[in-house]
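*Asks:* Have a look at this one.
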Amino acid sequence: MVERLPHPDGFRLLLTPNRSLSWQGNVRIWAALFIVSALIATGFSLAGAWVIIPFAGLELIALACGIYLTSRSCQRQEVLFISNDDIRLEKGRKRKQAEWTLPARYARLQVHSPPHPFTPAKLRLAHRDTEVSIGGFLNIEDTEKLIGMLEQKGLLIERKEPDPKIGLWF
């Protein structure tokens, strides 16, 4: 998701992955599946197939781990700040974990076109030897929106086509 944030000194964007549910929603889904699984396991164990209980427990633990890891991954965010002098990109989860500052005048946005139309373009902010990936979690529409916003802001866009590959998948 690309969201423009108000800022008095420049242009600021918040980039986050799309989240379909909050943490509480994910816990509710897991609890509902736990109840259904517990009812089914109880029914089978009363019928004599008690061995289903450990497998139902393992299934619920695996599901809980998957929900947790996915939800944790969706907490990533990037803040892009563009002023007249520099471009600052901050990345992190719940707090700033990494920061890059590039000169606005000489920085460029590299747009690496995808090899097929079902994936978004890969974006990198570049200046001399420094290349920083930006918005790797954005979908196709959000990537195009980000490119348009940065192009309107005057950032140099450098488009790169994929290497021609002869293979099974394009």
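Going by the structure tokens order, chains are called A, B, ..., each with residues numbered from 1, while ligands are numbered from 1 in the order shown.
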May I have the residues within 8 Å of stretch 98-102 of chain A as a PyMOL selection string, using only C-alpha atoms and disregarding those fewer than 5 positions away in the same chain?

*Replies:* chain A and resi 86-92+107+126-127+132

*Asks:* Give me the residues within 12 Å of stretch 160-163 of chain A as a list in words, counting only C-alpha atoms and dropping any in the same chain fewer than 5 places off.

*Replies:*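 That gives Leu109, Gln110, Val111, His112, Ser113, Pro114, Pro115, His116, Pro117, Ala121, Lys122, Leu123, Arg124 and Phe170 of chain A.
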
*Asks:* Enumerate as an MDAnalysis selection string all residues of stretch 15-99 of chain A assigned to helix (DSSP H, G or I) by DSSP on the backbone, naming them with the chain letters and numbers the document uses.

*Replies:* chainID A and resid 23:46 52:73

*Asks:* Just the number, please: distance in Å from atom CA of A:Leu156 to atom CA of A:Lys96, one decimal.

*Replies:*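 Between these atoms lies a distance of 26.2 Å.
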
*Asks:* Using only C-alpha atoms, which of A:Arg108, A:Arg72, A:Trp30, A:Ile157 sits nearest A:Arg93?

*Replies:*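 Smallest distance to A:Arg93 is found for A:Arg72.
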
*Asks:* Near A:Leu138, within 9 Å and counting only C-alpha atoms, which residues show up once chain neighbours fewer than 5 positions away are dropped, as a list in words?

*Replies:*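 Residues meeting the cut-off are Met1, Val2, Leu15, Thr16, Pro17, Asn18, Pro120 and Thr143 of chain A.
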
*Asks:* Find, counting only C-alpha atoms, the residue in A:Phe44, A:Leu39, A:Leu14, A:Tyr68 that gets nearest to A:Ile134.

*Replies:*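 For A:Ile134, the nearest of the given residues is A:Leu14.
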